[in-house]
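Colleague: Below is final.tsv; it holds TSV, C-alpha atoms.
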chain	number	residue	atom	x	y	z
A	1	LEU	CA	98.90	103.00	120.43
A	2	ALA	CA	100.07	104.13	116.99
A	3	SER	CA	101.96	107.12	118.36
A	4	LYS	CA	103.85	105.00	120.90
A	5	VAL	CA	104.72	102.45	118.21
A	6	ALA	CA	105.95	105.22	115.90
A	7	VAL	CA	108.23	106.65	118.60
A	8	ALA	CA	109.64	103.19	119.32
A	9	LEU	CA	110.28	102.45	115.63
A	10	GLN	CA	112.22	105.70	115.28
A	11	GLY	CA	114.57	104.49	118.01
A	12	LYS	CA	113.83	107.35	120.39
A	13	LEU	CA	113.38	104.97	123.33
A	14	GLY	CA	116.94	103.62	123.09
A	15	PRO	CA	120.08	105.27	124.43
A	16	ALA	CA	121.79	105.33	121.01
A	17	TYR	CA	119.17	107.41	119.14
A	18	ASP	CA	120.47	108.91	115.93
A	19	PRO	CA	117.99	110.76	113.66
A	20	HIS	CA	119.60	109.69	110.41
A	21	ARG	CA	119.61	105.97	111.25
A	22	PRO	CA	116.56	103.70	111.05
A	23	GLY	CA	117.05	102.24	114.54
A	24	THR	CA	117.23	98.64	115.72
A	25	LEU	CA	114.17	98.16	117.93
A	26	ARG	CA	111.54	95.71	116.67
A	27	VAL	CA	107.90	96.18	117.68
A	28	ILE	CA	105.34	93.35	117.86
A	29	VAL	CA	101.68	94.26	118.42
A	30	ARG	CA	99.44	91.42	119.54
A	31	ASN	CA	95.62	91.35	119.58
A	32	ALA	CA	95.20	94.20	117.12
A	33	SER	CA	91.62	93.09	116.58
A	34	LYS	CA	90.80	94.19	120.15
A	35	MET	CA	91.71	97.86	119.58
A	36	VAL	CA	89.08	100.38	120.66
A	37	VAL	CA	88.72	104.01	119.58
A	38	THR	CA	87.00	106.66	121.69
A	39	GLY	CA	84.25	109.08	120.81
A	40	ALA	CA	82.58	109.06	117.41
A	41	LYS	CA	85.75	108.15	115.52
A	42	SER	CA	84.40	104.75	114.51
A	43	ARG	CA	81.64	106.44	112.51
A	44	ALA	CA	83.20	109.79	111.63
A	45	LYS	CA	86.72	108.73	110.58
A	46	ILE	CA	86.88	108.21	106.83
A	47	TYR	CA	89.74	106.68	104.83
A	48	TYR	CA	90.07	107.96	101.26
A	49	ARG	CA	91.88	106.55	98.26
A	50	HIS	CA	91.83	107.47	94.60
A	51	THR	CA	91.92	104.99	91.75
A	52	GLY	CA	93.48	107.44	89.32
A	53	TYR	CA	90.38	107.91	87.18
A	54	MET	CA	88.31	111.08	87.25
A	55	GLY	CA	85.57	110.93	89.86
A	56	HIS	CA	86.78	107.65	91.35
A	57	LEU	CA	87.48	108.79	94.90
A	58	LYS	CA	86.74	105.81	97.14
A	59	GLN	CA	85.94	106.16	100.81
A	60	ARG	CA	85.60	103.73	103.67
A	61	SER	CA	84.64	104.39	107.29
A	62	TYR	CA	86.78	103.25	110.20
A	63	ASP	CA	84.27	100.52	111.08
A	64	GLU	CA	84.38	99.09	107.55
A	65	ALA	CA	88.18	99.25	107.36
A	66	PHE	CA	88.60	97.70	110.82
A	67	ALA	CA	86.19	94.87	110.01
A	68	ARG	CA	88.06	94.19	106.79
A	69	SER	CA	91.56	94.19	108.32
A	70	SER	CA	92.44	95.46	111.77
A	71	PRO	CA	96.23	95.19	111.27
A	72	ALA	CA	95.99	97.33	108.13
A	73	VAL	CA	94.29	100.13	110.07
A	74	LEU	CA	97.05	100.20	112.68
A	75	ARG	CA	99.81	99.90	110.06
A	76	ARG	CA	98.39	102.87	108.15
A	77	ALA	CA	98.18	104.96	111.32
A	78	VAL	CA	101.80	104.19	112.23
A	79	TYR	CA	102.93	104.83	108.64
A	80	ASN	CA	101.39	108.30	108.69
A	81	MET	CA	102.97	109.11	112.08
A	82	LEU	CA	106.52	108.29	111.02
A	83	PRO	CA	108.68	111.09	109.54
A	84	LYS	CA	108.20	111.49	105.80
A	85	ASN	CA	111.72	110.61	104.64
A	86	ARG	CA	113.72	107.73	103.15
A	87	LEU	CA	113.79	105.86	106.47
A	88	ARG	CA	110.02	105.46	106.80
A	89	ARG	CA	109.75	102.19	104.88
A	90	LEU	CA	112.81	100.72	106.62
A	91	ARG	CA	111.32	101.51	110.00
A	92	LEU	CA	107.93	100.10	109.07
A	93	LYS	CA	109.53	96.77	108.12
A	94	ARG	CA	110.39	96.26	111.81
A	95	LEU	CA	106.72	96.39	112.79
A	96	THR	CA	104.85	93.11	113.18
A	97	ILE	CA	101.10	93.17	113.80
A	98	GLU	CA	99.16	90.07	114.83
A	99	ALA	CA	95.37	90.11	114.71
Translate this structure into structure tokens?
Modeller:
Amino acid sequence: LASKVAVALQGKLGPAYDPHRPGTLRVIVRNASKMVVTGAKSRAKIYYRHTGYMGHLKQRSYDEAFARSSPAVLRRAVYNMLPKNRLRRLRLKRLTIEA
């Protein structure tokens, strides 16, 4: 799901694709709370973040993150699949996720 959303946000599905423009297509994802992952990803996938202090690396499994906020999990996946350039935040603003 995240890869298809990322391609659409880049504008690659439209006839007027231009790599240096953010695109115009808006994406709305409904029922994000009903997403399902295959295999052992729900237990094995770990999200890391660092507080900035020594030894304060926090981790959360996919199950914990999904239970906390399913739209945030999808948004993070799409964010990481978009090209790492100045257009990434502009493209992500056109994504709406409804739980």
Colleague: So which residues touch A:Asp63 within 10 Å, counting all atoms listed in the file, skipping near sequence neighbours fewer than 5 positions away, as a ChimeraX atom specification?
Modeller: /A:41-46,68,70
Colleague: Which residues are close to stretch 15-23 of chain A, i.e. within 7 Å by only C-alpha atoms, leaving aside same-chain residues fewer than 6 positions away? Reply as a PyMOL selection string.
Modeller: chain A and resi 9+87+90-91
Colleague: Residues around (112.3, 96.3, 121.2), cut-off 10 Å, counting only C-alpha atoms - what are they as a PyMOL selection string?
Modeller: chain A and resi 8-9+11+13-14+24-28+94
Colleague: Could you tell me, as a ChimeraX atom specification, which residues have any atom at most 12 Å from (98.2, 103.5, 112.5), counting all atoms listed in the file?
Modeller: /A:1-6,29,32,35,37,47,62,66,70-82,92,95,97
Colleague: Give me the residues near A:His50 as a PyMOL selection string, where near means some atom within 12 Å (using all atoms listed in the file) and where sequence neighbours in that chain fewer than 5 positions away do not count.
Modeller: chain A and resi 55-60
Colleague: In Å, rounded to a single decimal, give me how far atom CA of A:Gly39 is from atom CA of A:Ala67.
Modeller: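 Distance between the two atoms: 18.0 Å.
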Colleague: Have a look at atom CA of A:Ser69 and atom CA of A:Arg88 and let me know their distance in Å, one decimal.
Modeller: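 Separating atom CA of A:Ser69 from atom CA of A:Arg88 is a distance of 21.7 Å.
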Colleague: Suppose you want the space between atom CA of A:Lys34 and atom CA of A:Tyr48; what is it in Å?
Modeller: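 Atom-to-atom, atom CA of A:Lys34 to atom CA of A:Tyr48, that is 23.4 Å.
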Colleague: Please reconstruct the missing atoms of stretch 13-27 of chain A (target: N, CA, C and O atoms) and return them as a compact mmCIF listing (two decimals), in the coordinates of the input.
Modeller:
# COMPACT_ATOMS: atom_id res chain seq x y z
N LEU A 13 113.42 105.55 121.99
CA LEU A 13 113.38 104.97 123.33
C LEU A 13 114.74 104.39 123.74
O LEU A 13 114.96 104.11 124.91
N GLY A 14 115.64 104.20 122.79
CA GLY A 14 116.94 103.62 123.09
C GLY A 14 117.97 104.69 123.42
O GLY A 14 117.81 105.86 123.08
N PRO A 15 119.05 104.30 124.06
CA PRO A 15 120.08 105.27 124.43
C PRO A 15 120.92 105.74 123.25
O PRO A 15 121.55 106.79 123.33
N ALA A 16 120.94 104.98 122.16
CA ALA A 16 121.79 105.33 121.01
C ALA A 16 120.96 105.92 119.87
O ALA A 16 121.17 105.60 118.71
N TYR A 17 120.01 106.81 120.18
CA TYR A 17 119.17 107.41 119.14
C TYR A 17 120.00 108.30 118.23
O TYR A 17 120.79 109.12 118.68
N ASP A 18 119.81 108.10 116.94
CA ASP A 18 120.47 108.91 115.93
C ASP A 18 119.44 109.20 114.84
O ASP A 18 118.91 108.26 114.25
N PRO A 19 119.10 110.46 114.57
CA PRO A 19 117.99 110.76 113.66
C PRO A 19 118.18 110.25 112.24
O PRO A 19 117.19 109.98 111.55
N HIS A 20 119.41 110.10 111.79
CA HIS A 20 119.60 109.69 110.41
C HIS A 20 119.79 108.18 110.26
O HIS A 20 120.13 107.70 109.18
N ARG A 21 119.55 107.43 111.32
CA ARG A 21 119.61 105.97 111.25
C ARG A 21 118.24 105.39 111.52
O ARG A 21 117.47 105.93 112.30
N PRO A 22 117.91 104.25 110.89
CA PRO A 22 116.56 103.70 111.05
C PRO A 22 116.27 103.14 112.43
O PRO A 22 115.12 103.02 112.82
N GLY A 23 117.28 102.81 113.21
CA GLY A 23 117.05 102.24 114.54
C GLY A 23 117.13 100.72 114.49
O GLY A 23 117.20 100.11 113.43
N THR A 24 117.09 100.10 115.66
CA THR A 24 117.23 98.64 115.72
C THR A 24 116.08 97.97 116.47
O THR A 24 115.96 96.76 116.44
N LEU A 25 115.24 98.74 117.13
CA LEU A 25 114.17 98.16 117.93
C LEU A 25 113.07 97.58 117.05
O LEU A 25 112.63 98.22 116.10
N ARG A 26 112.65 96.35 117.38
CA ARG A 26 111.54 95.71 116.67
C ARG A 26 110.30 95.80 117.55
O ARG A 26 110.39 95.67 118.76
N VAL A 27 109.14 96.03 116.93
CA VAL A 27 107.90 96.18 117.68
C VAL A 27 106.93 95.10 117.21
O VAL A 27 106.69 94.94 116.01
